[in-house]
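Heads up, the thing below is written out as structure tokens.
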Amino acid sequence: MAELASGGGDLLLVTGASGFLGAAIANSARAAGYSVRVLIRTSSPRTNIDRKDQVAIGDLRDRASLAAALRGVRYLVHAAADYRLWAPTPDDILRNNVDGTRTLMEEALQAGIERIVYTSSVATIGLRKGEPADETRPLAADKAVGAYKKSKVMAERLVDDMIRREGLPAVIVNPSTPIGPRDVKPTPTGRIIVEAASGRMPGFVDTGLNLVHVDDAAAGHLAALRKGRIGERYILGGENVHLGTMLGDIAQIVGRRPPRLRLPIAAIYPFAVGAEL
């Protein structure tokens, strides 16, 4: 497909636009010249919803509401997800992220959507110790730890299968850990930042993560929409950061002492097992 030069006023549906990353995608799309429609639930907060955007009320578990939201739409960015790392009933996360994605993609095919960007996660990338990870190393579902990661692996495989078998015109993107403005809920990473800035984090686990500014991740979604190849995956990452370094930088910004207690990952496992129980 030829590269899309700009929005040109074409209607783009963004799911999850009341959330952190979805709001950034909607903002970037609007600035690029797209007409934006956002799909939100009745209970969704409106803090991040721009008054210039069309609002469609619906739910990923409600097929009729998805069909209505897709009417007249040319492009789709599916950024909505159940982002909880844990839930009392883990199957709820699987249903929301897997079954909801299936229903939306089926309705997108039915509606003749021209191009789709599906927001996956770097959680679906397989890691090998001492080697950089890339898009050619998918993580097997049985290797995914936790309901959220498993759901993202399964949903990505579902989209990939629909691309190959049913001609779904989708590009997959894999954001790492977004940080930045408008994290109103906040996300788990945003909560760490708030707790650290408030001085309520005396220690930290000896680990690291990859951080990407949320607006850069949003720009990556639009680049995938305009230039991505159908069926390809693209990591949207930024900088690899040690958690201790991140917390130290936050402490310096707010004028607090950084946390000193460094906990090895192995020491956390018994507490994690107890928390699960």
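We name chains A, B, ... following the order of the structure tokens; residues begin at 1 in each chain, and ligands are numbered from 1 as shown.
Residues in contact with Gly228 of chain A at up to 9 Å, not including ones fewer than 5 positions away on its chain and judged by only C-alpha atoms, are Glu3, Val117, Val171, Ile172, Ala223, Arg233 and Tyr234 of chain A.
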Include C-alpha atoms and write out the residues we just selected as a compact mmCIF listing (two decimals), in the first residue's frame.
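Saved result, part-v4.txt, follows:
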# COMPACT_ATOMS: atom_id res chain seq x y z
CA GLU A 3 2.43 5.65 2.10
CA VAL A 117 -2.74 -0.50 13.83
CA VAL A 171 0.18 -3.56 11.39
CA ILE A 172 1.29 -4.55 14.90
CA ALA A 223 4.28 6.05 11.44
CA ARG A 233 5.65 -5.92 14.02
CA TYR A 234 7.50 -2.82 15.18
Contacts of Pro178 of chain A within 10 Å, only C-alpha atoms, excl. fewer than 3 positions in-chain, as a short mmCIF file (atom, residue, chain, number, x, y, z; two decimals) with N, CA and C atoms, in the first residue's frame:
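Final file, out-v9.cif:
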data_model
loop_
_atom_site.label_atom_id
_atom_site.label_comp_id
_atom_site.auth_asym_id
_atom_site.auth_seq_id
_atom_site.Cartn_x
_atom_site.Cartn_y
_atom_site.Cartn_z
N PHE A 20 -4.01 6.49 28.94
CA PHE A 20 -2.73 7.19 28.81
C PHE A 20 -2.21 7.20 27.38
N LEU A 21 -1.93 6.02 26.83
CA LEU A 21 -1.38 5.94 25.49
C LEU A 21 -2.42 6.30 24.44
N PRO A 175 4.81 -1.32 21.95
CA PRO A 175 5.40 -0.29 22.81
C PRO A 175 6.07 -0.91 24.04
N PRO A 181 3.15 12.94 30.26
CA PRO A 181 1.96 13.65 30.75
C PRO A 181 0.67 12.90 30.47
N ASP A 183 -1.02 10.90 32.38
CA ASP A 183 -1.17 9.58 33.00
C ASP A 183 -2.04 9.73 34.24
N THR A 187 -0.91 4.65 35.36
CA THR A 187 -0.47 3.31 35.00
C THR A 187 0.43 2.76 36.10
N THR A 189 3.54 2.02 36.01
CA THR A 189 4.80 2.76 36.01
C THR A 189 4.60 4.18 36.52
N GLY A 190 3.49 4.80 36.14
CA GLY A 190 3.18 6.13 36.65
C GLY A 190 3.02 6.13 38.16
N ASN A 210 12.65 -0.62 29.90
CA ASN A 210 12.83 0.27 28.76
C ASN A 210 11.74 1.32 28.80
N LEU A 211 12.14 2.59 28.81
CA LEU A 211 11.19 3.70 28.88
C LEU A 211 11.07 4.38 27.53
N VAL A 212 9.85 4.78 27.17
CA VAL A 212 9.61 5.56 25.96
C VAL A 212 8.63 6.67 26.31
N HIS A 213 8.89 7.87 25.83
CA HIS A 213 7.95 8.96 26.07
C HIS A 213 6.65 8.63 25.36
N VAL A 214 5.54 8.88 26.03
CA VAL A 214 4.24 8.48 25.48
C VAL A 214 3.96 9.15 24.14
N ASP A 215 4.42 10.39 23.95
CA ASP A 215 4.19 11.06 22.68
C ASP A 215 5.03 10.47 21.56
N ASP A 216 6.21 9.93 21.91
CA ASP A 216 7.02 9.23 20.91
C ASP A 216 6.35 7.91 20.52
N ALA A 217 5.78 7.23 21.50
CA ALA A 217 5.06 5.99 21.19
C ALA A 217 3.85 6.28 20.31
N ALA A 218 3.17 7.40 20.56
CA ALA A 218 2.04 7.79 19.72
C ALA A 218 2.49 8.09 18.31
N LEU A 236 8.28 -0.17 19.65
CA LEU A 236 8.29 1.26 19.91
C LEU A 236 8.93 1.46 21.29
N GLY A 237 10.25 1.53 21.32
CA GLY A 237 10.99 1.62 22.57
C GLY A 237 11.80 2.89 22.65
N GLY A 238 12.42 3.07 23.80
CA GLY A 238 13.24 4.26 24.02
C GLY A 238 14.57 3.89 24.63
#
Residue neighbourhood segment 156-166 of chain A, 9 Å, only C-alpha atoms, exclusion window fewer than 6 positions, as JSON, numbers by chain: {"A": [98, 101, 102, 105, 106, 109, 118, 119, 120, 121, 124, 172, 230, 231, 232]}
If we count only C-alpha atoms and set the cut-off at 12 Å, which residues sit around Arg46 of chain A, ignoring sequence neighbours fewer than 2 positions away in its own chain? Please answer as a ChimeraX atom specification. /A:16-20,23,38-44,48-51,53,55,57,182,184-185
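If only C-alpha atoms are the atoms counted, then among A:Ala123, A:Leu70, A:Leu12, A:Ala31 the closest residue to Lys150 of chain A is A:Ala123.
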Using backbone DSSP assignments, extract all helix (DSSP H, G or I) residues from segment 109-247 of chain A; output them as an MDAnalysis selection string. chainID A and resid 109:111 122:124 141:143 147:166 188:197 214:227 243:247
I need the strand (DSSP E) residues of segment 49-124 of chain A per DSSP on the backbone, written as a PyMOL selection string. chain A and resi 54-57+75-78+115-119
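When only C-alpha atoms are used to compute distances to Ser28 of chain A, the closest of the residues A:Ile192, A:Val14, A:Ala108, A:Ile125 turns out to be A:Val14.
For Met246 of chain A, the residues within 10 Å (counting only C-alpha atoms, excluding itself and residues fewer than 2 positions away along the chain) are Ile193, Ala196, Gly208, Leu209, Leu211, Val241, His242, Leu243, Gly244, Gly248, Asp249, Ile250, Ala251 and Pro258 of chain A.
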Could those residues be written to a file, using N, CA and C atoms, as a CSV table (one decimal), in the first residue's frame?
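Just written: part-v2.csv:
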chain,number,residue,atom,x,y,z
A,193,ILE,N,6.4,6.3,39.8
A,193,ILE,CA,6.9,7.6,39.7
A,193,ILE,C,6.3,8.5,40.8
A,196,ALA,N,7.6,7.4,44.2
A,196,ALA,CA,9.0,7.8,44.4
A,196,ALA,C,9.1,9.3,44.6
A,208,GLY,N,15.6,-3.6,35.6
A,208,GLY,CA,15.6,-2.5,34.7
A,208,GLY,C,14.4,-2.6,33.8
A,209,LEU,N,14.2,-1.5,33.0
A,209,LEU,CA,13.1,-1.5,32.1
A,209,LEU,C,13.4,-0.5,31.0
A,211,LEU,N,12.1,2.6,28.8
A,211,LEU,CA,11.2,3.7,28.9
A,211,LEU,C,11.1,4.4,27.5
A,241,VAL,N,16.8,1.6,31.1
A,241,VAL,CA,17.1,2.3,32.3
A,241,VAL,C,17.1,1.3,33.5
A,242,HIS,N,18.1,1.4,34.4
A,242,HIS,CA,18.0,0.6,35.6
A,242,HIS,C,17.0,1.3,36.5
A,243,LEU,N,16.2,0.5,37.2
A,243,LEU,CA,15.2,1.1,38.1
A,243,LEU,C,15.8,2.0,39.2
A,244,GLY,N,17.0,1.6,39.7
A,244,GLY,CA,17.6,2.4,40.7
A,244,GLY,C,18.0,3.8,40.1
A,248,GLY,N,16.6,7.4,41.3
A,248,GLY,CA,17.5,8.4,41.7
A,248,GLY,C,17.3,9.7,41.0
A,249,ASP,N,17.0,9.6,39.7
A,249,ASP,CA,16.7,10.8,38.9
A,249,ASP,C,15.4,11.5,39.4
A,250,ILE,N,14.4,10.7,39.7
A,250,ILE,CA,13.2,11.3,40.2
A,250,ILE,C,13.4,12.0,41.6
A,251,ALA,N,14.2,11.4,42.4
A,251,ALA,CA,14.6,12.0,43.7
A,251,ALA,C,15.3,13.3,43.6
A,258,PRO,N,17.4,9.7,47.3
A,258,PRO,CA,17.0,8.5,46.6
A,258,PRO,C,16.9,7.2,47.5
If we count only C-alpha atoms, what is near Ala87 of chain A at a cut-off of 9 Å, once residues fewer than 5 positions away on the same chain are taken out, given as a list of chain:residue names? A:Asp92, A:Ile93, A:Ala147
